[in-house]
$ cat start_1.cif   # mmCIF, C-alpha atoms
data_data
loop_
_atom_site.label_atom_id
_atom_site.label_comp_id
_atom_site.auth_asym_id
_atom_site.auth_seq_id
_atom_site.Cartn_x
_atom_site.Cartn_y
_atom_site.Cartn_z
CA MET O 2 115.94 89.24 112.99
CA ASP O 3 119.05 91.15 111.85
CA THR O 4 119.34 93.03 108.57
CA ARG O 5 121.42 90.35 106.79
CA SER O 6 118.90 87.64 107.56
CA THR O 7 116.11 89.97 106.42
CA GLN O 8 117.88 90.55 103.10
CA LEU O 9 118.49 86.82 102.64
CA LEU O 10 114.86 86.07 103.38
CA LYS O 11 113.66 88.73 100.92
CA GLY O 12 115.25 86.91 98.03
CA THR O 13 113.87 83.55 99.00
CA LEU O 14 110.47 84.34 100.52
CA ASP O 15 108.50 83.51 97.36
CA MET O 16 110.16 80.08 97.26
CA CYS O 17 109.49 79.52 100.97
CA LEU O 18 105.83 80.48 100.51
CA LEU O 19 105.47 78.14 97.54
CA ALA O 20 107.06 75.32 99.55
CA THR O 21 104.72 76.03 102.50
CA ILE O 22 101.65 75.96 100.26
CA ALA O 23 102.96 72.76 98.62
CA GLN O 24 102.68 70.99 101.98
CA ARG O 25 98.98 71.80 102.27
CA PRO O 26 96.60 74.64 101.29
CA CYS O 27 96.75 77.43 103.86
CA TYR O 28 95.85 81.09 104.45
CA GLY O 29 98.17 84.08 104.94
CA TYR O 30 98.48 84.11 108.72
CA GLU O 31 98.92 80.35 108.79
CA MET O 32 101.90 80.66 106.41
CA VAL O 33 103.52 83.28 108.66
CA GLN O 34 103.05 80.97 111.66
CA GLN O 35 104.56 78.02 109.79
CA LEU O 36 107.54 80.09 108.67
CA ALA O 37 108.06 81.33 112.25
CA HIS O 38 107.81 77.75 113.50
CA GLN O 39 110.63 76.82 111.09
CA GLY O 40 112.73 79.73 112.42
CA LEU O 41 111.95 82.44 109.85
CA ASP O 42 110.50 85.53 111.55
CA LEU O 43 109.34 88.16 109.08
CA VAL O 44 109.94 91.86 109.82
CA GLY O 45 106.69 92.88 108.13
CA GLU O 46 104.35 89.90 108.02
CA GLY O 47 102.19 91.65 105.45
CA SER O 48 105.03 91.41 102.92
CA ILE O 49 103.80 87.92 102.06
CA TYR O 50 100.65 89.28 100.39
CA PRO O 51 102.27 91.10 97.45
CA LEU O 52 104.30 87.93 96.84
CA LEU O 53 101.21 85.72 97.04
CA SER O 54 99.52 87.97 94.47
CA ARG O 55 102.57 87.68 92.22
CA LEU O 56 102.62 83.89 92.53
CA GLN O 57 98.92 83.84 91.77
CA LEU O 58 99.34 86.02 88.66
CA LEU O 59 102.15 83.77 87.47
CA GLY O 60 99.76 80.84 87.74
CA TYR O 61 101.80 79.00 90.39
CA ILE O 62 99.08 79.12 93.06
CA GLU O 63 95.35 79.66 93.25
CA GLY O 64 93.33 81.52 95.86
CA TYR O 65 89.86 80.40 96.93
CA LEU O 66 87.43 81.51 99.60
CA VAL O 67 86.37 79.07 102.28
CA ALA O 68 83.31 79.68 104.46
CA SER O 69 84.11 79.96 108.15
CA ARG O 70 81.83 78.99 111.01
CA ASP O 71 82.90 81.83 113.30
CA GLY O 72 83.38 84.73 110.91
CA PRO O 73 83.60 85.86 107.31
CA LYS O 74 85.09 83.77 104.50
CA ARG O 75 88.82 83.14 104.58
CA LYS O 76 91.11 83.10 101.55
CA TYR O 77 93.17 79.94 101.20
CA TYR O 78 95.90 79.26 98.65
CA ARG O 79 96.69 75.96 96.93
CA LEU O 80 99.50 74.88 94.63
CA LEU O 81 98.89 74.48 90.89
CA PRO O 82 100.81 72.05 88.62
CA THR O 83 102.87 74.93 87.10
CA GLY O 84 103.77 76.00 90.64
CA ALA O 85 104.87 72.47 91.54
CA LYS O 86 107.23 72.40 88.53
CA GLN O 87 108.57 75.87 89.37
CA LEU O 88 109.16 74.83 92.98
CA GLU O 89 111.23 71.84 91.83
CA GLN O 90 113.31 74.15 89.65
CA TRP O 91 113.78 76.69 92.45
CA GLN O 92 114.73 73.94 94.90
CA ALA O 93 117.41 72.63 92.51
CA GLU O 94 118.74 76.18 91.97
CA TRP O 95 118.78 76.81 95.71
CA GLU O 96 120.65 73.59 96.46
CA ARG O 97 123.34 74.46 93.90
CA PHE O 98 123.59 77.99 95.30
CA ALA O 99 123.63 76.90 98.95
CA GLN O 100 126.28 74.24 98.26
CA ALA O 101 128.48 76.80 96.48
CA VAL O 102 128.16 79.26 99.37
CA GLU O 103 128.88 76.50 101.88
CA ARG O 104 132.01 75.46 99.99
CA ILE O 105 133.24 79.06 99.98
CA LEU O 106 132.52 79.52 103.67
CA LYS O 107 134.31 76.30 104.57
CA GLY O 108 137.30 77.37 102.51
CA GLU O 109 137.17 74.40 100.14
CA ARG O 110 138.92 74.87 96.78
CA SER O 111 137.97 73.47 93.39
CA ASP O 112 140.68 71.51 91.49
CA GLU O 113 141.01 74.07 88.67
CA GLN O 114 141.74 76.86 91.10
CA SER O 115 144.23 74.97 93.27
CA ARG O 116 147.28 77.07 93.92
CA PRO O 117 149.57 77.85 96.85
CA ALA O 118 147.87 79.43 99.84
CA HIS O 119 150.41 82.26 99.94
CA PRO O 120 151.33 83.41 96.42
CA THR O 121 154.97 84.52 96.05
CA THR O 122 156.18 87.43 93.92
CA ASP O 123 158.51 86.84 90.89
CA ARG O 124 162.05 88.04 91.38
CA MET G 13 85.33 94.15 124.68
CA ASN G 14 87.36 96.58 126.82
CA ARG G 15 88.41 100.11 125.91
CA ALA G 16 91.89 99.11 124.71
CA ASP G 17 90.39 96.44 122.46
CA GLN G 18 87.90 98.91 121.02
CA HIS G 19 90.73 101.33 120.38
CA THR G 20 92.77 98.68 118.53
CA GLN G 21 89.70 97.61 116.54
CA GLN G 22 89.22 101.22 115.46
CA GLN G 23 92.89 101.43 114.43
CA ILE G 24 92.53 98.24 112.36
CA ALA G 25 89.33 99.51 110.74
CA ASP G 26 90.97 102.85 109.85
CA LEU G 27 94.06 101.17 108.42
CA VAL G 28 92.06 98.72 106.34
CA GLU G 29 89.82 101.55 105.09
CA ALA G 30 92.90 103.58 104.11
CA CYS G 31 94.36 100.62 102.21
CA MET G 32 91.04 99.97 100.48
CA GLY G 33 90.77 103.63 99.44
CA TYR G 34 94.33 103.57 98.15
CA TRP G 35 93.74 100.40 96.11
CA GLU G 36 90.60 101.94 94.61
CA LEU G 37 92.64 104.99 93.64
CA ARG G 38 95.27 102.73 92.10
CA GLY G 39 92.57 101.18 89.93
CA ILE G 40 92.38 97.72 91.50
CA ALA G 41 89.10 96.02 90.58
CA LEU G 42 86.54 96.03 93.40
CA GLU G 43 86.29 92.23 93.66
CA SER G 44 90.09 91.97 94.06
CA SER G 45 90.38 94.85 96.53
CA THR G 46 87.52 93.40 98.61
CA GLU G 47 89.40 90.10 98.90
CA MET G 48 92.63 91.96 99.75
CA GLN G 49 90.76 93.93 102.43
CA LEU G 50 89.33 90.73 103.87
CA GLU G 51 92.74 89.05 104.04
CA LEU G 52 94.41 92.07 105.59
CA GLU G 53 91.71 92.59 108.21
CA GLN G 54 91.74 88.93 109.27
CA HIS G 55 95.55 88.91 109.44
CA LEU G 56 95.62 92.07 111.59
CA GLN G 57 92.90 90.71 113.90
CA GLN G 58 94.74 87.44 114.41
CA ALA G 59 98.12 89.15 114.85
CA VAL G 60 96.71 91.54 117.48
CA SER G 61 95.03 88.68 119.35
CA ASP G 62 98.45 86.96 119.39
CA GLY G 63 99.92 90.06 121.03
CA LYS G 64 101.69 91.47 117.95
CA SER G 65 101.70 95.14 116.98
CA LEU G 66 100.17 96.55 113.80
CA GLU G 67 103.68 97.53 112.73
CA ALA G 68 104.76 93.89 112.92
CA VAL G 69 102.30 93.16 110.14
CA LEU G 70 102.51 96.26 107.97
CA GLY G 71 106.06 97.38 108.65
CA PRO G 72 107.02 100.96 109.50
CA ASN G 73 105.17 102.45 106.50
CA PRO G 74 101.61 101.15 105.86
CA ALA G 75 101.29 103.25 102.68
CA ALA G 76 104.37 101.53 101.24
CA PHE G 77 102.79 98.17 102.07
CA ALA G 78 99.56 99.15 100.27
CA GLU G 79 101.58 100.33 97.26
CA ALA G 80 103.71 97.15 97.18
CA TRP G 81 100.59 95.00 97.12
CA ALA G 82 98.88 97.21 94.50
CA ARG G 83 101.95 96.96 92.24
CA GLU G 84 101.64 93.19 92.15
CA MET G 85 98.00 93.35 91.10
CA HIS G 86 98.78 94.83 87.65
CA PRO G 87 95.78 97.15 87.50
CA ARG G 88 94.51 98.18 84.11
CA PHE G 89 94.59 101.92 83.50
CA TRP G 90 90.89 102.30 82.72
CA ARG G 91 89.87 100.77 86.02
CA GLY G 92 91.05 103.95 87.76
CA GLY G 93 88.26 105.67 85.86
CA ALA G 94 85.68 104.03 88.12
CA ARG G 95 86.71 106.26 90.99
CA VAL G 96 86.76 109.31 88.70
CA LEU G 97 83.27 108.46 87.41
CA HIS G 98 81.99 108.09 90.97
CA GLY G 99 83.48 111.47 91.97
CA LEU G 100 82.11 113.12 88.81
CA VAL G 101 78.60 111.79 89.51
CA TYR G 102 78.78 113.15 93.04
CA ALA G 103 80.15 116.58 92.04
CA LEU G 104 77.64 116.94 89.19
CA SER G 105 74.74 115.93 91.46
CA VAL G 106 75.75 118.44 94.14
CA VAL G 107 76.27 121.30 91.66
CA SER G 108 73.04 120.66 89.73
CA THR G 109 70.86 120.26 92.83
CA THR G 110 72.44 123.33 94.47
CA ALA G 111 71.69 125.32 91.32
CA LEU G 112 68.13 123.99 91.21
CA ILE G 113 67.44 124.82 94.87
CA SER G 114 69.01 128.29 94.54
CA GLN G 115 66.96 129.09 91.45
CA VAL G 116 63.74 127.87 93.09
CA LEU G 117 64.35 129.69 96.40
CA ALA G 118 65.51 132.95 94.80
CA HIS G 119 62.87 132.81 92.03
CA SER G 120 65.72 133.60 89.73
CA PRO G 121 66.28 132.10 86.28
CA SER G 122 70.09 132.22 86.66
CA PHE G 123 72.62 130.58 88.99
CA THR G 124 76.17 131.73 89.64
CA PHE G 125 78.91 129.26 90.52
CA THR G 126 81.36 131.26 92.62
CA VAL G 127 84.99 130.71 93.61
CA LEU G 128 83.77 129.88 97.11
CA ALA G 129 81.46 127.11 95.82
CA ALA G 130 84.30 125.65 93.74
CA TYR G 131 86.61 125.88 96.76
CA LEU G 132 84.07 124.15 99.03
CA LEU G 133 83.40 121.41 96.50
CA THR G 134 87.04 120.55 95.75
CA GLY G 135 88.07 121.17 99.37
CA SER G 136 85.49 118.78 100.80
CA GLY G 137 86.33 116.14 98.18
CA LEU G 138 90.02 116.45 98.98
CA LEU G 139 89.33 116.41 102.71
CA ALA G 140 87.18 113.26 102.43
CA LEU G 141 90.03 111.57 100.54
CA LEU G 142 92.67 112.74 103.02
CA LEU G 143 90.59 111.62 106.00
CA GLN G 144 90.29 108.17 104.45
CA LEU G 145 93.98 107.91 103.56
CA GLY G 146 94.82 109.39 106.99
CA GLY G 147 94.18 105.87 108.32
CA PHE G 148 97.74 105.07 107.21
CA LEU G 149 98.88 107.12 110.20
CA SER G 150 97.05 104.77 112.60
CA PRO G 151 100.16 102.97 113.93
CA ARG G 152 101.75 106.34 114.83
CA ILE G 153 98.73 108.55 115.62
CA SER G 154 96.33 106.00 117.00
CA THR G 155 93.22 108.14 117.50
CA ARG G 156 91.09 109.45 114.66
CA ALA G 157 90.75 112.78 116.52
CA GLY G 158 94.55 113.09 116.56
CA ARG G 159 94.78 112.54 112.83
CA GLU G 160 91.98 115.03 112.15
CA ALA G 161 93.74 117.58 114.36
CA LEU G 162 96.92 117.08 112.32
CA MET G 163 95.03 117.72 109.09
CA LEU G 164 93.35 120.80 110.53
CA ALA G 165 96.80 122.07 111.54
CA GLY G 166 97.91 121.48 107.95
CA VAL G 167 94.98 123.51 106.59
CA VAL G 168 95.66 126.37 109.03
CA LEU G 169 99.34 126.30 108.04
CA ALA G 170 98.37 126.44 104.35
CA VAL G 171 96.12 129.48 105.01
CA LEU G 172 98.98 131.18 106.87
CA VAL G 173 101.42 130.47 104.03
CA LEU G 174 98.95 131.86 101.47
CA ARG G 175 98.43 134.90 103.64
CA LEU G 176 102.17 135.44 104.03
CA ALA G 177 102.51 135.11 100.26
CA ARG G 178 100.01 138.00 100.12
CA MET G 179 97.58 135.98 98.09
CA LYS G 180 94.16 137.60 97.87
CA VAL G 181 91.07 135.69 96.84
CA ASN G 182 87.81 137.21 95.69
CA TRP G 183 85.49 134.52 97.07
CA SER G 184 82.35 135.94 95.50
CA MET G 185 83.85 136.10 92.02
CA ALA G 186 81.66 134.29 89.49
CA LEU G 187 83.34 131.36 87.77
CA LEU G 188 80.33 130.26 85.77
CA SER G 189 76.76 131.42 85.35
CA TRP G 190 73.87 129.59 83.74
CA ASN G 191 70.05 129.54 83.34
CA TRP G 192 67.27 126.95 83.83
CA PRO G 193 67.91 124.83 80.72
CA MET G 194 71.55 124.26 81.71
CA THR G 195 70.52 123.27 85.27
CA ILE G 196 68.05 120.73 83.89
CA LEU G 197 70.71 119.44 81.48
CA LEU G 198 73.25 119.04 84.31
CA LEU G 199 70.65 117.29 86.44
CA ALA G 200 69.79 114.90 83.58
CA LEU G 201 73.52 114.25 83.02
CA ALA G 202 73.98 113.51 86.74
CA VAL G 203 71.07 111.03 86.69
CA GLY G 204 72.42 109.41 83.51
CA LEU G 205 75.95 109.03 84.90
CA PHE G 206 74.59 107.77 88.23
CA SER G 207 72.59 105.09 86.36
CA LEU G 208 75.72 104.12 84.42
CA ASP G 209 77.81 103.94 87.60
CA PHE G 210 75.08 101.97 89.39
CA TRP G 211 74.67 99.54 86.47
CA ARG G 212 78.45 99.05 86.29
CA THR G 213 78.69 98.31 90.04
CA SER G 214 75.69 95.95 90.17
CA HIS G 215 76.84 94.15 86.99
CA ARG G 216 80.27 93.54 88.52
CA GLU G 217 78.79 92.44 91.84
CA ARG G 218 76.69 89.82 90.08
CA SER G 219 79.82 88.34 88.46
CA SER G 220 81.79 88.35 91.72
CA SER G 221 81.41 85.89 94.57
CA ALA G 222 83.31 88.09 97.01
CA THR G 223 80.98 91.05 97.22
CA VAL G 224 77.55 91.37 98.70
CA SER G 225 75.19 93.46 96.60
CA MET G 226 73.28 96.33 98.20
CA PRO G 227 69.56 96.50 97.34
CA THR G 228 68.82 99.04 94.59
CA LEU G 229 66.41 101.18 96.63
CA ARG G 230 68.81 101.36 99.55
CA SER G 231 71.81 102.45 97.47
CA VAL G 232 69.75 105.06 95.57
CA THR G 233 68.31 106.41 98.84
CA MET G 234 71.76 106.58 100.41
CA PHE G 235 73.15 108.46 97.42
CA VAL G 236 70.26 110.96 97.32
CA ALA G 237 70.52 111.47 101.09
CA SER G 238 74.27 112.09 100.95
CA VAL G 239 73.83 114.62 98.12
CA ALA G 240 71.06 116.35 100.12
CA VAL G 241 73.29 116.52 103.22
CA PHE G 242 76.10 117.93 101.11
CA ASP G 243 73.74 120.55 99.63
CA VAL G 244 72.68 121.68 103.12
CA MET G 245 76.33 121.79 104.18
CA MET G 246 77.16 123.86 101.10
CA PHE G 247 74.47 126.40 102.02
CA VAL G 248 75.60 126.60 105.65
CA ALA G 249 79.27 126.61 104.73
CA SER G 250 78.85 129.24 102.03
CA VAL G 251 77.86 131.64 104.79
CA ALA G 252 79.96 130.33 107.68
CA VAL G 253 83.17 129.53 105.79
CA PHE G 254 83.02 132.76 103.85
CA ASP G 255 82.83 134.78 107.07
CA PHE G 256 85.44 132.59 108.79
CA CYS G 257 87.94 132.90 105.93
CA ARG G 258 87.39 136.64 105.69
CA LEU G 259 87.91 137.00 109.45
CA ALA G 260 90.93 134.69 109.52
CA LEU G 261 92.64 136.48 106.67
CA ARG G 262 91.95 139.85 108.31
CA LEU G 263 93.33 138.72 111.67
CA VAL G 264 96.55 137.18 110.34
#
$ encode --input "start_1.cif" --output "structure tokens"
Amino acid sequence: MDTRSTQLLKGTLDMCLLATIAQRPCYGYEMVQQLAHQGLDLVGEGSIYPLLSRLQLLGYIEGYLVASRDGPKRKYYRLLPTGAKQLEQWQAEWERFAQAVERILKGERSDEQSRPAHPTTDR
Amino acid sequence: MNRADQHTQQQIADLVEACMGYWELRGIALESSTEMQLELEQHLQQAVSDGKSLEAVLGPNPAAFAEAWAREMHPRFWRGGARVLHGLVYALSVVSTTALISQVLAHSPSFTFTVLAAYLLTGSGLLALLLQLGGFLSPRISTRAGREALMLAGVVLAVLVLRLARMKVNWSMALLSWNWPMTILLLALAVGLFSLDFWRTSHRERSSSATVSMPTLRSVTMFVASVAVFDVMMFVASVAVFDFCRLALRLV
């Protein structure tokens, strides 16, 4: 993944993780696999853990240990009601942001800013 | 398990141990750091079995990863004291038992704590810490022997620099000197602090679901054995290291 994509992902990874957990409770490696499946390859997979701890401290998610048949317990994360509300808010913010960026990239102009494409100098 | 697998498993174990040591130093509560360790180890195991490198998980700098995670855990300042208390118990136990053995063997009422003893005590503590944190170098220097060689080279370099700076050390210089009552007092203090540390650990383990408590007798025996081994090493080293340092400084 190139540097620009990495930077873009950095700012949105917490939201992506929250959205992934919202689908169903999962553990760290599972989240990385799901993100990769959706086309988001992380440069350092471990970078999800500090973010998961932050989300947990904020009360958006909750971690719990699940006994495993073929090894030690595994830590799963599930969404909490506060996290669900926050995710809705983040999604709305993201849609507004993404739409604005898309408009700019497509060269669309808003009505207030409509002016000639090539401004002329006063003589 | 083939040799390559064993090698990778060792790398993972060293890295996880280094992270755990770092989190303890940063004052993360044991129950939290144990869960973090568990998550990291399982992630690394699964990533390696999927053909990924350790760097793909931890990035180019594992220490930065450990710090980034620790920062998000908001440790309380006093929690860092747990590690300090543990180190103090160990240092006090070694010093008091060394004094006791010396006084008994020499039939002398006094014990002298020399510069060499202080150097050996702090040096071995620092070395134990560095060896643990040296696990961060696992993705770059994969073998433990390689990392130990690097640290040894660092020590030799430090001796050379000190020698070039014309620094002279009187190893037999007495830092402190005390009699029987003080030795007994130090020993009693060590036992008291050990009990406090042990009570604190077992109390926390009872309230945590993540940790498995070690039986009392086993943990006490292990502690006493490690102090005894350290005492023996101090006696051997006080002769061997003294001669080695004197010879090394003469040769350089």
$ resolve_selection --input "start_1.cif" --expression "the PyMOL selection byres ((chain G) within 10 of (chain O))" --output "VMD selection string"
chain G and resid 47 to 48 50 to 52 54 to 56 58 to 59 66 to 74 77 to 86 221 to 222
$ write_last_selection --input "start_1.cif" --atoms "C-alpha atoms" --output "mmCIF file, in the frame of the given file"
data_model
loop_
_atom_site.group_PDB
_atom_site.id
_atom_site.type_symbol
_atom_site.label_atom_id
_atom_site.label_comp_id
_atom_site.auth_asym_id
_atom_site.auth_seq_id
_atom_site.Cartn_x
_atom_site.Cartn_y
_atom_site.Cartn_z
ATOM 1 C CA GLU G 47 89.400 90.100 98.900
ATOM 2 C CA MET G 48 92.630 91.960 99.750
ATOM 3 C CA LEU G 50 89.330 90.730 103.870
ATOM 4 C CA GLU G 51 92.740 89.050 104.040
ATOM 5 C CA LEU G 52 94.410 92.070 105.590
ATOM 6 C CA GLN G 54 91.740 88.930 109.270
ATOM 7 C CA HIS G 55 95.550 88.910 109.440
ATOM 8 C CA LEU G 56 95.620 92.070 111.590
ATOM 9 C CA GLN G 58 94.740 87.440 114.410
ATOM 10 C CA ALA G 59 98.120 89.150 114.850
ATOM 11 C CA LEU G 66 100.170 96.550 113.800
ATOM 12 C CA GLU G 67 103.680 97.530 112.730
ATOM 13 C CA ALA G 68 104.760 93.890 112.920
ATOM 14 C CA VAL G 69 102.300 93.160 110.140
ATOM 15 C CA LEU G 70 102.510 96.260 107.970
ATOM 16 C CA GLY G 71 106.060 97.380 108.650
ATOM 17 C CA PRO G 72 107.020 100.960 109.500
ATOM 18 C CA ASN G 73 105.170 102.450 106.500
ATOM 19 C CA PRO G 74 101.610 101.150 105.860
ATOM 20 C CA PHE G 77 102.790 98.170 102.070
ATOM 21 C CA ALA G 78 99.560 99.150 100.270
ATOM 22 C CA GLU G 79 101.580 100.330 97.260
ATOM 23 C CA ALA G 80 103.710 97.150 97.180
ATOM 24 C CA TRP G 81 100.590 95.000 97.120
ATOM 25 C CA ALA G 82 98.880 97.210 94.500
ATOM 26 C CA ARG G 83 101.950 96.960 92.240
ATOM 27 C CA GLU G 84 101.640 93.190 92.150
ATOM 28 C CA MET G 85 98.000 93.350 91.100
ATOM 29 C CA HIS G 86 98.780 94.830 87.650
ATOM 30 C CA SER G 221 81.410 85.890 94.570
ATOM 31 C CA ALA G 222 83.310 88.090 97.010
#
$ atom_distance --input "start_1.cif" --atom1 "atom CA of Gln87 of chain O" --atom2 "atom CA of Tyr61 of chain O"
7.5 Å
$ closest_residue --input "start_1.cif" --among "G:Ser231, G:Thr126, G:Gln21, G:Ser136" --to "Met185 of chain G" --atoms "only C-alpha atoms"
G:Thr126
$ resolve_selection --input "start_1.cif" --expression "the PyMOL selection byres ((chain G and resi 201) around 12)" --output "number ranges by chain"
G: 100-105, 107-109, 194-200, 202-208
$ closest_residue --input "start_1.cif" --among "G:Leu142, G:Ile113, G:Ile153, G:Leu188" --to "Val167 of chain G" --atoms "all atoms listed in the file"
G:Leu142
$ atom_distance --input "start_1.cif" --atom1 "atom CA of Asp26 of chain G" --atom2 "atom CA of Leu138 of chain G"
17.4 Å
$ atom_distance --input "start_1.cif" --atom1 "atom CA of Leu81 of chain O" --atom2 "atom CA of Glu96 of chain O"
22.5 Å
$ closest_atom_pairs --input "start_1.cif" --of "segment 65-99 of chain O" --to "segment 11-23 of chain O" --cutoff "9 Å" --atoms "only C-alpha atoms" --output "Markdown table"
| residue | atom | partner | partner_atom | distance |
| --- | --- | --- | --- | --- |
| O:Tyr78 | CA | O:Ile22 | CA | 6.8 |
| O:Arg79 | CA | O:Ile22 | CA | 6.0 |
| O:Leu80 | CA | O:Ala23 | CA | 5.7 |
| O:Leu81 | CA | O:Ala23 | CA | 8.9 |
| O:Gly84 | CA | O:Leu19 | CA | 7.4 |
| O:Ala85 | CA | O:Ala23 | CA | 7.3 |
| O:Leu88 | CA | O:Leu19 | CA | 6.7 |
| O:Trp91 | CA | O:Met16 | CA | 6.9 |
| O:Gln92 | CA | O:Met16 | CA | 8.0 |
| O:Trp95 | CA | O:Thr13 | CA | 9.0 |
$ closest_residue --input "start_1.cif" --among "G:Thr155, G:Thr134, G:Gln115, G:Thr124" --to "Ile24 of chain G" --atoms "only C-alpha atoms"
G:Thr155
$ decode --input "start_1.cif" --residues "segment 113-138 of chain G" --atoms "C-alpha atoms" --output "compact mmCIF listing (two decimals), in the first residue's frame"
# COMPACT_ATOMS: atom_id res chain seq x y z
CA ILE G 113 27.13 -15.04 54.63
CA SER G 114 30.31 -12.90 54.62
CA GLN G 115 30.01 -12.17 58.33
CA VAL G 116 29.39 -15.84 59.15
CA LEU G 117 32.21 -17.16 56.94
CA ALA G 118 34.76 -14.54 58.01
CA HIS G 119 33.68 -14.65 61.69
CA SER G 120 33.68 -10.92 61.46
CA PRO G 121 31.12 -8.59 63.05
CA SER G 122 31.38 -6.06 60.18
CA PHE G 123 30.63 -6.14 56.45
CA THR G 124 31.95 -3.75 53.82
CA PHE G 125 29.94 -2.91 50.73
CA THR G 126 32.55 -2.06 48.10
CA VAL G 127 32.39 -0.21 44.78
CA LEU G 128 32.77 -3.57 43.04
CA ALA G 129 29.71 -5.02 44.84
CA ALA G 130 27.65 -1.94 43.92
CA TYR G 131 28.89 -2.21 40.33
CA LEU G 132 28.01 -5.91 40.12
CA LEU G 133 24.57 -5.36 41.63
CA THR G 134 23.54 -2.44 39.40
CA GLY G 135 25.34 -3.92 36.39
CA SER G 136 23.55 -7.27 36.63
CA GLY G 137 20.19 -5.55 37.16
CA LEU G 138 20.78 -3.34 34.15
